[in-house]
Amino acid sequence: MSFETPQMDSAQRRRQQAEAKNELSVSHWQGELHSHTSTDISEPKIPEDIMEYREGSNCGKIPLELLTRYHAQEMKNSFMAITEHSRDASPEKAVSGITDWFYGMYLNNADWLRQRFGKTKEDLDSAELAQIKALAWENAKAVAHYGDERLENILAKIDDESGRLPMRIFKGVEANMLPDGSFDTDMVEQGRFDLVNCSIHPEVDPEGFAEIVKDPQKYQDLVLQGIANPKTNIMAHIGHDVDQEVVKQLDWDKIGQAAFENKVAIEINLRKLIKFIYRELMDYDKFPKSDTSWRDYFKEKLPELVPILSNPLIVYELKKYFEQGLSIAINTDEHENKFIDHATDKEGTQGEFKERDKRFWIAIKMLERYFNELFDQAGIKQKNIINTYTPEQLEKFLQKAG
Ligand SMILES: [Zn+2]
Ligand SMILES: [Zn+2]
């Protein structure tokens with residue numbers, strides 16, 4: 001099979017040019033290792049359509065077959081990992097959002113109301129409205145509080161897609177760590193995944209995490225416990241949903257050492273950055289096409305959009321471990337993609353890809369420059385960044401071999 005294209009040549013050229021300057025190009029980045037997909041009926045008539053057909057993570061936006069195809073064909077990536085949430089990361093929010101959605105869907109389905117109550121929406125009394133709300137809530141819980149069956153389904157789908165694309169798809173998971181340090185699915189322990197992103201999402205159990213997120217020592221102990229778990233490959237977004245004052249007090253020397261010794265990569269999570277590019281920089285009402293002031297705005301914001309490496313105190317602690325080989329994973333924690341249009345009905349999913357916006361590319365170029373400065377300060381080389389590996393090298397890293 002040959003997938004040589006002009007774009008591939010220019011990617012190679014960009015890599016060579018960067019290497020000549022002792023730098024890394026965005027083309028060195030060979031794949032996303034933290035991504036969420038979701039498949040829903042695009043125009044559901046009734047909540048049961050969602051309950052029956054939903055796949056992936058509740059917070060994802062793109063069907064798996066399109067996201068993987070986009071990365072293989074358009075981005076020419078050589079691998080990616082699909083890492084759905086083991087369970088919803090914000091179950092309370094998910095239930096309340098889905099309840100409202102379902103309630104509206106029932107109320108606006110005249111056929112359903114007629115069958116069920118023999119009435120139109122306007123004629124419903126308060127007891128009937130309460131009954132519909134209760135049904136919406138029950139059904140929302142069924143969708144939000146999914147179990148291993150959702151993960152099993154995705155693993156099967158990855159098997160289906162894998163043969164079709166010139167790209168290795170790793171079977172991953174973003175596994176929630178609970179306050180006691182265990183994961184909320186046994187599938188991790190059973191070795192069902194090629195790649196495990198270990199995440200602390202305090203909203204999974206607000207009460208259980210209340211003390212932990214306030215106390216740097218307790219939070220750090222949990223991070224270290226996650227890193228020490230032999231199944232963990234990437235410690236995802238350390239400090240997520242935790243007060244910055246607490247994050248500042250973490251002992252990054254200990255975290256760096258533990259990650260190095262356990263062959264775990266520390267994640268640089270760029271979800272906020274991608275959201276910022278999509279929602280702010282690519283907002284052409286805010287910054288019209290001819291307006292280039294978005295560049296200064298972006299430059300100013302970069303340090304807060306690139307976590308961990310933008311903090312000189314953290315970098316100071318980690319630097320010696322980078323020299324010894326500590327790894328990082330640079331992930332966008334992909335949930336959405338502005339360049340994929342899609343629609344799903346009961347027969348399946350259709351989609352098409354849009355050309356990537358020019359401003360998007362300029363922003364990525366600026367990001368590349370910023371990352372090279374950070375790499376230089378931290379002593380980070382290509383071998384420290386697992387997203388730049390070949391699929392075979394990555395596989396070895398994930399197996400903690402050698
Ligand atoms: Zn997460
Ligand atoms: Zn995630």
# chains A, B, ... in the order shown; residues from 1 in each chain; ligands from 1
>>> closest_atom_pairs(of="chain A", to="ligand 2", cutoff="12 Å", atoms="only C-alpha atoms and all ligand atoms", output="Markdown table")
| residue | atom | partner | partner_atom_place_in_ligand_line | distance |
| --- | --- | --- | --- | --- |
| A:Glu32 | CA | ligand 2 | 1 (Zn) | 11.4 |
| A:Leu33 | CA | ligand 2 | 1 (Zn) | 9.9 |
| A:His34 | CA | ligand 2 | 1 (Zn) | 6.1 |
| A:Ser35 | CA | ligand 2 | 1 (Zn) | 6.3 |
| A:His36 | CA | ligand 2 | 1 (Zn) | 6.5 |
| A:Thr37 | CA | ligand 2 | 1 (Zn) | 10.2 |
| A:Gly56 | CA | ligand 2 | 1 (Zn) | 11.8 |
| A:Ser57 | CA | ligand 2 | 1 (Zn) | 9.2 |
| A:Asn58 | CA | ligand 2 | 1 (Zn) | 11.0 |
| A:Cys59 | CA | ligand 2 | 1 (Zn) | 8.8 |
| A:Gly60 | CA | ligand 2 | 1 (Zn) | 9.0 |
| A:Ala81 | CA | ligand 2 | 1 (Zn) | 11.5 |
| A:Ile82 | CA | ligand 2 | 1 (Zn) | 10.0 |
| A:Thr83 | CA | ligand 2 | 1 (Zn) | 7.4 |
| A:Glu84 | CA | ligand 2 | 1 (Zn) | 7.3 |
| A:His85 | CA | ligand 2 | 1 (Zn) | 6.9 |
| A:Ser86 | CA | ligand 2 | 1 (Zn) | 10.2 |
| A:Arg87 | CA | ligand 2 | 1 (Zn) | 11.2 |
| A:Asp88 | CA | ligand 2 | 1 (Zn) | 10.2 |
| A:Ala89 | CA | ligand 2 | 1 (Zn) | 8.6 |
| A:Ser90 | CA | ligand 2 | 1 (Zn) | 11.4 |
| A:Gly172 | CA | ligand 2 | 1 (Zn) | 11.2 |
| A:Val173 | CA | ligand 2 | 1 (Zn) | 9.1 |
| A:Glu174 | CA | ligand 2 | 1 (Zn) | 6.3 |
| A:Ala175 | CA | ligand 2 | 1 (Zn) | 9.3 |
| A:Asn176 | CA | ligand 2 | 1 (Zn) | 10.1 |
| A:Val196 | CA | ligand 2 | 1 (Zn) | 11.5 |
| A:Asn197 | CA | ligand 2 | 1 (Zn) | 8.5 |
| A:Cys198 | CA | ligand 2 | 1 (Zn) | 9.8 |
| A:Ser199 | CA | ligand 2 | 1 (Zn) | 8.2 |
| A:Ile200 | CA | ligand 2 | 1 (Zn) | 10.5 |
| A:His201 | CA | ligand 2 | 1 (Zn) | 9.7 |
| A:Ile234 | CA | ligand 2 | 1 (Zn) | 11.7 |
| A:Met235 | CA | ligand 2 | 1 (Zn) | 11.4 |
| A:Ala236 | CA | ligand 2 | 1 (Zn) | 8.1 |
| A:His237 | CA | ligand 2 | 1 (Zn) | 8.7 |
| A:His240 | CA | ligand 2 | 1 (Zn) | 10.6 |
| A:Glu267 | CA | ligand 2 | 1 (Zn) | 11.1 |
| A:Ile268 | CA | ligand 2 | 1 (Zn) | 12.0 |
| A:Asn269 | CA | ligand 2 | 1 (Zn) | 8.9 |
| A:Leu270 | CA | ligand 2 | 1 (Zn) | 10.4 |
| A:Arg271 | CA | ligand 2 | 1 (Zn) | 8.4 |
| A:Lys272 | CA | ligand 2 | 1 (Zn) | 11.4 |
| A:Asn331 | CA | ligand 2 | 1 (Zn) | 9.4 |
| A:Thr332 | CA | ligand 2 | 1 (Zn) | 8.7 |
| A:Asp333 | CA | ligand 2 | 1 (Zn) | 5.0 |
| A:Glu334 | CA | ligand 2 | 1 (Zn) | 7.3 |
| A:His335 | CA | ligand 2 | 1 (Zn) | 7.7 |
| A:Glu336 | CA | ligand 2 | 1 (Zn) | 11.4 |
>>> write_last_selection(atoms="N, CA and C atoms", output="compact mmCIF listing (two decimals), in the first residue's frame")
# COMPACT_ATOMS: atom_id res chain seq x y z
N GLU A 32 -2.77 11.44 17.94
CA GLU A 32 -3.51 11.80 19.16
C GLU A 32 -3.60 10.57 20.07
N LEU A 33 -3.30 10.77 21.35
CA LEU A 33 -3.38 9.64 22.28
C LEU A 33 -4.43 9.86 23.36
N HIS A 34 -5.32 10.78 23.10
CA HIS A 34 -6.40 11.05 24.05
C HIS A 34 -7.56 11.62 23.23
N SER A 35 -8.55 10.77 22.97
CA SER A 35 -9.65 11.24 22.11
C SER A 35 -10.96 10.60 22.54
N HIS A 36 -12.01 11.35 22.33
CA HIS A 36 -13.36 10.87 22.68
C HIS A 36 -14.24 10.94 21.44
N THR A 37 -14.97 9.88 21.19
CA THR A 37 -15.89 9.88 20.06
C THR A 37 -17.31 9.75 20.60
N GLY A 56 -19.77 5.52 22.42
CA GLY A 56 -18.65 6.39 22.77
C GLY A 56 -18.83 7.07 24.11
N SER A 57 -18.22 8.28 24.23
CA SER A 57 -18.29 9.05 25.47
C SER A 57 -19.45 10.04 25.37
N ASN A 58 -20.12 10.31 26.49
CA ASN A 58 -21.23 11.27 26.44
C ASN A 58 -20.78 12.64 25.97
N CYS A 59 -19.51 12.99 26.24
CA CYS A 59 -19.04 14.33 25.91
C CYS A 59 -18.41 14.42 24.51
N GLY A 60 -18.26 13.28 23.82
CA GLY A 60 -17.66 13.32 22.48
C GLY A 60 -18.63 13.93 21.48
N ALA A 81 -5.04 6.88 19.38
CA ALA A 81 -5.69 6.06 20.40
C ALA A 81 -7.08 6.61 20.65
N ILE A 82 -8.04 5.72 20.67
CA ILE A 82 -9.40 6.09 21.08
C ILE A 82 -9.47 5.80 22.57
N THR A 83 -9.76 6.82 23.34
CA THR A 83 -9.71 6.67 24.81
C THR A 83 -11.01 7.18 25.42
N GLU A 84 -12.06 6.39 25.27
CA GLU A 84 -13.34 6.83 25.83
C GLU A 84 -13.26 6.84 27.36
N HIS A 85 -14.13 7.63 27.96
CA HIS A 85 -14.24 7.64 29.42
C HIS A 85 -14.73 6.28 29.91
N SER A 86 -14.05 5.73 30.92
CA SER A 86 -14.50 4.45 31.48
C SER A 86 -15.94 4.58 31.99
N ARG A 87 -16.24 5.70 32.60
CA ARG A 87 -17.60 6.09 32.99
C ARG A 87 -17.67 7.60 32.78
N ASP A 88 -18.86 8.16 32.75
CA ASP A 88 -18.96 9.61 32.55
C ASP A 88 -18.13 10.35 33.61
N ALA A 89 -17.41 11.39 33.16
CA ALA A 89 -16.51 12.11 34.07
C ALA A 89 -17.24 13.16 34.91
N SER A 90 -18.42 13.56 34.50
CA SER A 90 -19.24 14.51 35.27
C SER A 90 -20.69 14.01 35.28
N GLY A 172 -7.66 2.35 23.57
CA GLY A 172 -7.34 3.04 24.81
C GLY A 172 -8.56 3.24 25.68
N VAL A 173 -8.30 3.86 26.82
CA VAL A 173 -9.39 4.24 27.73
C VAL A 173 -8.89 5.43 28.54
N GLU A 174 -9.80 6.31 28.89
CA GLU A 174 -9.48 7.31 29.91
C GLU A 174 -10.18 6.81 31.17
N ALA A 175 -9.39 6.21 32.03
CA ALA A 175 -9.97 5.54 33.20
C ALA A 175 -10.02 6.49 34.38
N ASN A 176 -11.19 6.57 34.99
CA ASN A 176 -11.36 7.41 36.18
C ASN A 176 -10.73 6.74 37.38
N VAL A 196 -3.67 3.12 28.62
CA VAL A 196 -4.52 3.60 29.71
C VAL A 196 -4.12 5.02 30.09
N ASN A 197 -5.03 5.96 29.84
CA ASN A 197 -4.88 7.32 30.37
C ASN A 197 -5.52 7.32 31.75
N CYS A 198 -4.72 7.62 32.75
CA CYS A 198 -5.24 7.63 34.12
C CYS A 198 -5.65 9.06 34.47
N SER A 199 -6.91 9.23 34.85
CA SER A 199 -7.42 10.59 35.09
C SER A 199 -8.09 10.72 36.44
N ILE A 200 -7.87 11.87 37.05
CA ILE A 200 -8.63 12.22 38.24
C ILE A 200 -9.66 13.26 37.83
N HIS A 201 -10.92 12.90 37.88
CA HIS A 201 -12.02 13.81 37.58
C HIS A 201 -12.83 13.97 38.86
N ILE A 234 -0.29 6.90 30.65
CA ILE A 234 -0.22 8.36 30.61
C ILE A 234 -0.96 8.89 31.84
N MET A 235 -0.31 9.77 32.60
CA MET A 235 -1.03 10.43 33.69
C MET A 235 -1.62 11.69 33.08
N ALA A 236 -2.93 11.66 32.91
CA ALA A 236 -3.60 12.74 32.15
C ALA A 236 -3.83 13.96 33.03
N HIS A 237 -3.84 15.08 32.37
CA HIS A 237 -4.16 16.41 32.95
C HIS A 237 -4.05 16.53 34.47
N HIS A 240 -6.30 18.94 36.88
CA HIS A 240 -7.61 19.24 36.26
C HIS A 240 -8.68 19.42 37.33
N GLU A 267 1.05 13.94 30.82
CA GLU A 267 0.32 14.55 29.71
C GLU A 267 0.37 16.08 29.73
N ILE A 268 0.62 16.65 28.56
CA ILE A 268 0.41 18.08 28.33
C ILE A 268 -0.93 18.15 27.60
N ASN A 269 -1.97 18.51 28.32
CA ASN A 269 -3.33 18.42 27.78
C ASN A 269 -3.73 19.76 27.14
N LEU A 270 -3.99 19.71 25.85
CA LEU A 270 -4.25 20.95 25.09
C LEU A 270 -5.73 21.17 24.79
N ARG A 271 -6.59 20.59 25.60
CA ARG A 271 -8.01 20.75 25.29
C ARG A 271 -8.45 22.22 25.32
N LYS A 272 -7.98 22.93 26.35
CA LYS A 272 -8.34 24.35 26.47
C LYS A 272 -7.82 25.14 25.27
N ASN A 331 -1.32 15.89 24.00
CA ASN A 331 -2.62 15.47 23.50
C ASN A 331 -3.60 16.64 23.46
N THR A 332 -4.47 16.60 22.47
CA THR A 332 -5.50 17.65 22.45
C THR A 332 -6.78 17.21 23.16
N ASP A 333 -6.81 15.97 23.66
CA ASP A 333 -8.01 15.49 24.35
C ASP A 333 -9.20 15.78 23.43
N GLU A 334 -9.11 15.22 22.25
CA GLU A 334 -10.03 15.61 21.17
C GLU A 334 -11.46 15.17 21.44
N HIS A 335 -12.35 16.14 21.44
CA HIS A 335 -13.79 15.87 21.59
C HIS A 335 -14.54 16.28 20.33
N GLU A 336 -14.08 17.37 19.74
CA GLU A 336 -14.78 17.96 18.60
C GLU A 336 -13.76 18.23 17.52
>>> residues_around(residues="range 308-317 of chain A", least_positions_apart="3", cutoff="12 Å", atoms="only C-alpha atoms", output="ChimeraX atom specification")
/A:236-240,244,247-257,266-270,301-305,320-323,326,328-330,370-380
>>> residues_around(residues="range 382-396 of chain A", least_positions_apart="4", cutoff="9 Å", atoms="only C-alpha atoms", output="CSV table (one decimal) with N, CA, C and O atoms, in the first residue's frame")
chain,number,residue,atom,x,y,z
A,23,GLU,N,15.2,21.7,15.9
A,23,GLU,CA,13.8,21.9,16.5
A,23,GLU,C,12.9,20.8,16.0
A,23,GLU,O,13.3,19.9,15.3
A,24,LEU,N,11.7,20.9,16.6
A,24,LEU,CA,10.7,19.9,16.2
A,24,LEU,C,9.6,20.6,15.4
A,24,LEU,O,9.2,21.7,15.7
A,27,SER,N,4.8,18.4,12.3
A,27,SER,CA,4.7,17.1,11.5
A,27,SER,C,5.4,16.0,12.2
A,27,SER,O,5.2,14.8,11.8
A,28,HIS,N,6.2,16.2,13.2
A,28,HIS,CA,6.7,15.1,14.0
A,28,HIS,C,5.7,14.4,14.9
A,28,HIS,O,5.8,13.3,15.3
A,29,TRP,N,4.6,15.2,15.1
A,29,TRP,CA,3.5,14.7,16.0
A,29,TRP,C,2.7,13.6,15.1
A,29,TRP,O,2.1,14.0,14.1
A,30,GLN,N,2.8,12.4,15.5
A,30,GLN,CA,2.3,11.3,14.6
A,30,GLN,C,0.9,10.9,15.1
A,30,GLN,O,0.3,10.0,14.4
A,31,GLY,N,0.4,11.3,16.2
A,31,GLY,CA,-0.9,10.9,16.5
A,31,GLY,C,-1.5,11.3,17.9
A,31,GLY,O,-0.7,11.5,18.8
A,32,GLU,N,-2.8,11.4,17.9
A,32,GLU,CA,-3.5,11.8,19.2
A,32,GLU,C,-3.6,10.6,20.1
A,32,GLU,O,-3.9,9.5,19.6
A,33,LEU,N,-3.3,10.8,21.3
A,33,LEU,CA,-3.4,9.6,22.3
A,33,LEU,C,-4.4,9.9,23.4
A,33,LEU,O,-4.4,9.2,24.4
A,78,SER,N,0.2,8.3,11.8
A,78,SER,CA,0.4,6.9,11.7
A,78,SER,C,-0.2,6.1,12.8
A,78,SER,O,-0.2,4.9,12.7
A,79,PHE,N,-0.7,6.8,13.8
A,79,PHE,CA,-1.5,6.1,14.8
A,79,PHE,C,-2.4,7.0,15.5
A,79,PHE,O,-2.3,8.3,15.4
A,80,MET,N,-3.4,6.5,16.2
A,80,MET,CA,-4.1,7.3,17.2
A,80,MET,C,-4.7,6.3,18.2
A,80,MET,O,-4.8,5.1,18.0
A,167,MET,N,-3.5,3.2,9.3
A,167,MET,CA,-3.1,3.8,10.6
A,167,MET,C,-3.3,2.8,11.7
A,167,MET,O,-4.3,2.1,11.6
A,168,ARG,N,-2.5,2.8,12.7
A,168,ARG,CA,-2.7,1.9,13.8
A,168,ARG,C,-3.6,2.6,14.8
A,168,ARG,O,-3.4,3.8,15.2
A,170,PHE,N,-4.9,2.4,18.5
A,170,PHE,CA,-4.7,1.8,19.8
A,170,PHE,C,-6.0,1.8,20.5
A,170,PHE,O,-6.8,2.8,20.6
A,194,ASP,N,-4.8,-1.3,25.1
A,194,ASP,CA,-3.4,-1.1,24.8
A,194,ASP,C,-2.8,0.1,25.5
A,194,ASP,O,-1.6,0.1,25.7
A,195,LEU,N,-3.7,1.0,25.8
A,195,LEU,CA,-3.2,2.3,26.4
A,195,LEU,C,-4.2,2.8,27.5
A,195,LEU,O,-5.4,2.8,27.2
A,265,ALA,N,4.0,8.4,30.9
A,265,ALA,CA,4.2,9.8,30.3
A,265,ALA,C,3.3,10.8,31.1
A,265,ALA,O,2.2,10.5,31.4
A,322,PHE,N,13.8,14.7,32.4
A,322,PHE,CA,13.8,14.7,30.9
A,322,PHE,C,15.1,14.3,30.4
A,322,PHE,O,15.2,13.5,29.4
A,323,GLU,N,16.2,14.7,31.0
A,323,GLU,CA,17.5,14.3,30.5
A,323,GLU,C,17.7,12.8,30.6
A,323,GLU,O,18.4,12.2,29.8
A,325,GLY,N,15.3,10.7,30.4
A,325,GLY,CA,14.3,10.0,29.5
A,325,GLY,C,12.9,10.1,29.9
A,325,GLY,O,12.0,9.4,29.3
A,326,LEU,N,12.5,10.9,30.9
A,326,LEU,CA,11.1,11.1,31.3
A,326,LEU,C,10.3,11.4,30.0
A,326,LEU,O,10.7,12.3,29.2
A,327,SER,N,9.1,10.8,29.9
A,327,SER,CA,8.3,11.0,28.7
A,327,SER,C,7.1,12.0,28.9
A,327,SER,O,6.6,12.0,30.1
A,328,ILE,N,6.7,12.7,27.9
A,328,ILE,CA,5.5,13.4,27.9
A,328,ILE,C,4.6,13.0,26.7
A,328,ILE,O,5.1,12.4,25.7
A,329,ALA,N,3.3,13.2,26.9
A,329,ALA,CA,2.4,13.0,25.8
A,329,ALA,C,1.7,14.3,25.5
A,329,ALA,O,1.2,14.9,26.5
A,330,ILE,N,1.7,14.8,24.3
A,330,ILE,CA,1.1,16.0,24.0
A,330,ILE,C,-0.2,15.7,23.3
A,330,ILE,O,-0.2,15.2,22.1
A,331,ASN,N,-1.3,15.9,24.0
A,331,ASN,CA,-2.6,15.5,23.5
A,331,ASN,C,-3.6,16.6,23.5
A,331,ASN,O,-3.6,17.5,24.3
A,400,LYS,N,5.7,-1.1,28.4
A,400,LYS,CA,6.7,-0.8,29.4
A,400,LYS,C,7.9,-1.8,29.2
A,400,LYS,O,8.5,-2.3,30.2
A,401,ALA,N,8.2,-2.2,28.0
A,401,ALA,CA,9.3,-3.1,27.7
A,401,ALA,C,10.6,-2.3,27.6
A,401,ALA,O,10.6,-1.2,27.3
A,402,GLY,N,11.7,-3.0,27.9
A,402,GLY,CA,13.0,-2.5,27.7
A,402,GLY,C,13.4,-1.4,28.7
A,402,GLY,O,12.7,-1.0,29.6
>>> select_by_dssp(residues="range 39-257 of chain A", states="alpha helix (DSSP H)", output="number ranges by chain")
A: 47-53, 64-69, 91-107, 110-117, 126-144, 148-162, 186-189, 206-214, 216-228, 244-248, 252-257
>>> write_last_selection(atoms="C-alpha atoms", output="tab-separated table (two decimals), in the first residue's frame")
chain	number	residue	atom	x	y	z
A	47	PRO	CA	-35.13	9.79	23.69
A	48	GLU	CA	-35.30	6.05	23.07
A	49	ASP	CA	-33.46	6.72	19.77
A	50	ILE	CA	-30.52	8.07	21.76
A	51	MET	CA	-30.72	5.32	24.37
A	52	GLU	CA	-30.61	2.63	21.74
A	53	TYR	CA	-27.96	4.05	19.43
A	64	LEU	CA	-15.43	6.98	15.67
A	65	GLU	CA	-15.27	5.94	12.03
A	66	LEU	CA	-15.03	9.58	10.90
A	67	LEU	CA	-12.56	10.73	13.50
A	68	THR	CA	-10.19	7.87	12.74
A	69	ARG	CA	-10.58	8.34	9.00
A	91	PRO	CA	-22.25	12.26	35.86
A	92	GLU	CA	-24.38	14.82	37.70
A	93	LYS	CA	-24.01	17.38	34.92
A	94	ALA	CA	-24.62	14.71	32.30
A	95	VAL	CA	-27.86	13.58	33.95
A	96	SER	CA	-29.21	17.10	34.31
A	97	GLY	CA	-28.27	18.15	30.76
A	98	ILE	CA	-29.70	14.98	29.19
A	99	THR	CA	-32.87	15.22	31.32
A	100	ASP	CA	-33.61	18.69	29.94
A	101	TRP	CA	-32.90	17.52	26.42
A	102	PHE	CA	-35.13	14.43	26.71
A	103	TYR	CA	-37.93	16.37	28.40
A	104	GLY	CA	-38.01	18.82	25.50
A	105	MET	CA	-37.95	15.95	23.02
A	106	TYR	CA	-41.00	14.28	24.60
A	107	LEU	CA	-42.90	17.56	24.84
A	110	ALA	CA	-47.00	15.40	19.21
A	111	ASP	CA	-47.50	11.75	18.17
A	112	TRP	CA	-45.95	10.47	21.34
A	113	LEU	CA	-48.07	12.82	23.51
A	114	ARG	CA	-51.23	11.78	21.70
A	115	GLN	CA	-50.48	8.08	22.12
A	116	ARG	CA	-49.49	8.39	25.74
A	117	PHE	CA	-51.92	11.01	27.05
A	126	SER	CA	-48.95	19.65	35.93
A	127	ALA	CA	-49.14	16.03	37.07
A	128	GLU	CA	-48.62	14.86	33.48
A	129	LEU	CA	-45.72	17.24	33.00
A	130	ALA	CA	-44.15	15.89	36.18
A	131	GLN	CA	-44.64	12.36	34.91
A	132	ILE	CA	-42.85	13.20	31.64
A	133	LYS	CA	-40.05	14.90	33.55
A	134	ALA	CA	-39.62	11.79	35.71
A	135	LEU	CA	-39.44	9.60	32.63
A	136	ALA	CA	-36.87	11.94	31.04
A	137	TRP	CA	-34.82	11.75	34.21
A	138	GLU	CA	-34.95	7.93	34.39
A	139	ASN	CA	-33.88	7.65	30.78
A	140	ALA	CA	-31.17	10.29	31.17
A	141	LYS	CA	-29.69	8.26	34.02
A	142	ALA	CA	-29.61	5.17	31.81
A	143	VAL	CA	-27.59	7.07	29.18
A	144	ALA	CA	-25.32	9.01	31.55
A	148	ASP	CA	-18.56	-1.59	30.57
A	149	GLU	CA	-20.95	-2.46	27.72
A	150	ARG	CA	-20.22	0.96	26.18
A	151	LEU	CA	-16.47	0.25	26.26
A	152	GLU	CA	-16.91	-3.27	24.86
A	153	ASN	CA	-18.86	-1.85	21.97
A	154	ILE	CA	-16.09	0.66	21.18
A	155	LEU	CA	-13.37	-2.01	21.31
A	156	ALA	CA	-15.36	-4.03	18.76
A	157	LYS	CA	-15.73	-0.94	16.58
A	158	ILE	CA	-11.97	-0.30	16.69
A	159	ASP	CA	-11.44	-3.86	15.43
A	160	ASP	CA	-13.81	-3.11	12.54
A	161	GLU	CA	-12.13	0.15	11.57
A	162	SER	CA	-8.55	-0.98	12.07
A	186	ASP	CA	-12.28	-3.92	35.96
A	187	MET	CA	-11.45	-3.92	32.27
A	188	VAL	CA	-8.20	-2.06	33.00
A	189	GLU	CA	-6.97	-4.72	35.39
A	206	PRO	CA	-17.74	15.33	44.47
A	207	GLU	CA	-18.11	14.22	48.07
A	208	GLY	CA	-15.32	11.66	47.96
A	209	PHE	CA	-12.93	14.13	46.34
A	210	ALA	CA	-13.86	17.18	48.44
A	211	GLU	CA	-10.95	16.78	50.89
A	212	ILE	CA	-8.48	15.57	48.26
A	213	VAL	CA	-8.76	18.56	45.92
A	214	LYS	CA	-8.22	20.97	48.81
A	216	PRO	CA	-1.94	19.23	47.99
A	217	GLN	CA	-0.54	16.26	49.92
A	218	LYS	CA	-3.66	14.15	49.44
A	219	TYR	CA	-4.00	15.07	45.78
A	220	GLN	CA	-0.35	14.35	45.16
A	221	ASP	CA	-0.56	10.97	46.89
A	222	LEU	CA	-3.40	10.07	44.55
A	223	VAL	CA	-1.43	11.22	41.49
A	224	LEU	CA	1.53	9.10	42.63
A	225	GLN	CA	-0.76	6.14	43.19
A	226	GLY	CA	-2.06	6.54	39.63
A	227	ILE	CA	1.46	6.71	38.22
A	228	ALA	CA	2.53	3.65	40.20
A	244	GLN	CA	-4.21	26.45	41.03
A	245	GLU	CA	-2.91	27.14	44.53
A	246	VAL	CA	-3.04	23.42	45.24
A	247	VAL	CA	-1.39	22.55	41.91
A	248	LYS	CA	1.48	24.95	42.69
A	252	TRP	CA	6.92	17.92	40.84
A	253	ASP	CA	10.29	16.39	41.62
A	254	LYS	CA	8.51	13.38	43.11
A	255	ILE	CA	5.97	13.26	40.28
A	256	GLY	CA	8.72	13.41	37.64
A	257	GLN	CA	10.77	10.72	39.31
>>> atom_distance(atom1="CA of Lys289 in chain A", atom2="CA of Phe339 in chain A")
18.0 Å
>>> atom_distance(atom1="CA of Tyr278 in chain A", atom2="CA of Asp345 in chain A")
26.7 Å
>>> closest_residue(among="A:Pro230, A:Gly351, A:Pro44, A:Pro202", to="ligand 1", atoms="only C-alpha atoms and all ligand atoms")
A:Pro202
>>> closest_residue(among="A:Ile362, A:Met177, A:Ala258, A:Leu165", to="ligand 1", atoms="only C-alpha atoms and all ligand atoms")
A:Met177
>>> closest_residue(among="A:Val204, A:Glu347, A:Phe260, A:Glu355", to="ligand 1", atoms="only C-alpha atoms and all ligand atoms")
A:Val204
>>> select_by_dssp(residues="range 28-261 of chain A", states="strand (DSSP E or B)", output="MDAnalysis selection string")
chainID A and resid 35 38:39 55:56 79:85 168:177 183 195:199 234:235
>>> closest_residue(among="A:Phe183, A:Arg192, A:Lys121, A:Asp241", to="ligand 1", atoms="only C-alpha atoms and all ligand atoms")
A:Asp241
>>> atom_distance(atom1="CA of Trp361 in chain A", atom2="CA of Arg164 in chain A")
28.0 Å
>>> closest_residue(among="A:Thr185, A:Gln324, A:Thr39, A:Gln17", to="His342 in chain A", atoms="only C-alpha atoms")
A:Thr39
>>> closest_residue(among="A:Gly163, A:Gly118, A:Gly191, A:Pro307", to="Leu273 in chain A", atoms="only C-alpha atoms")
A:Pro307
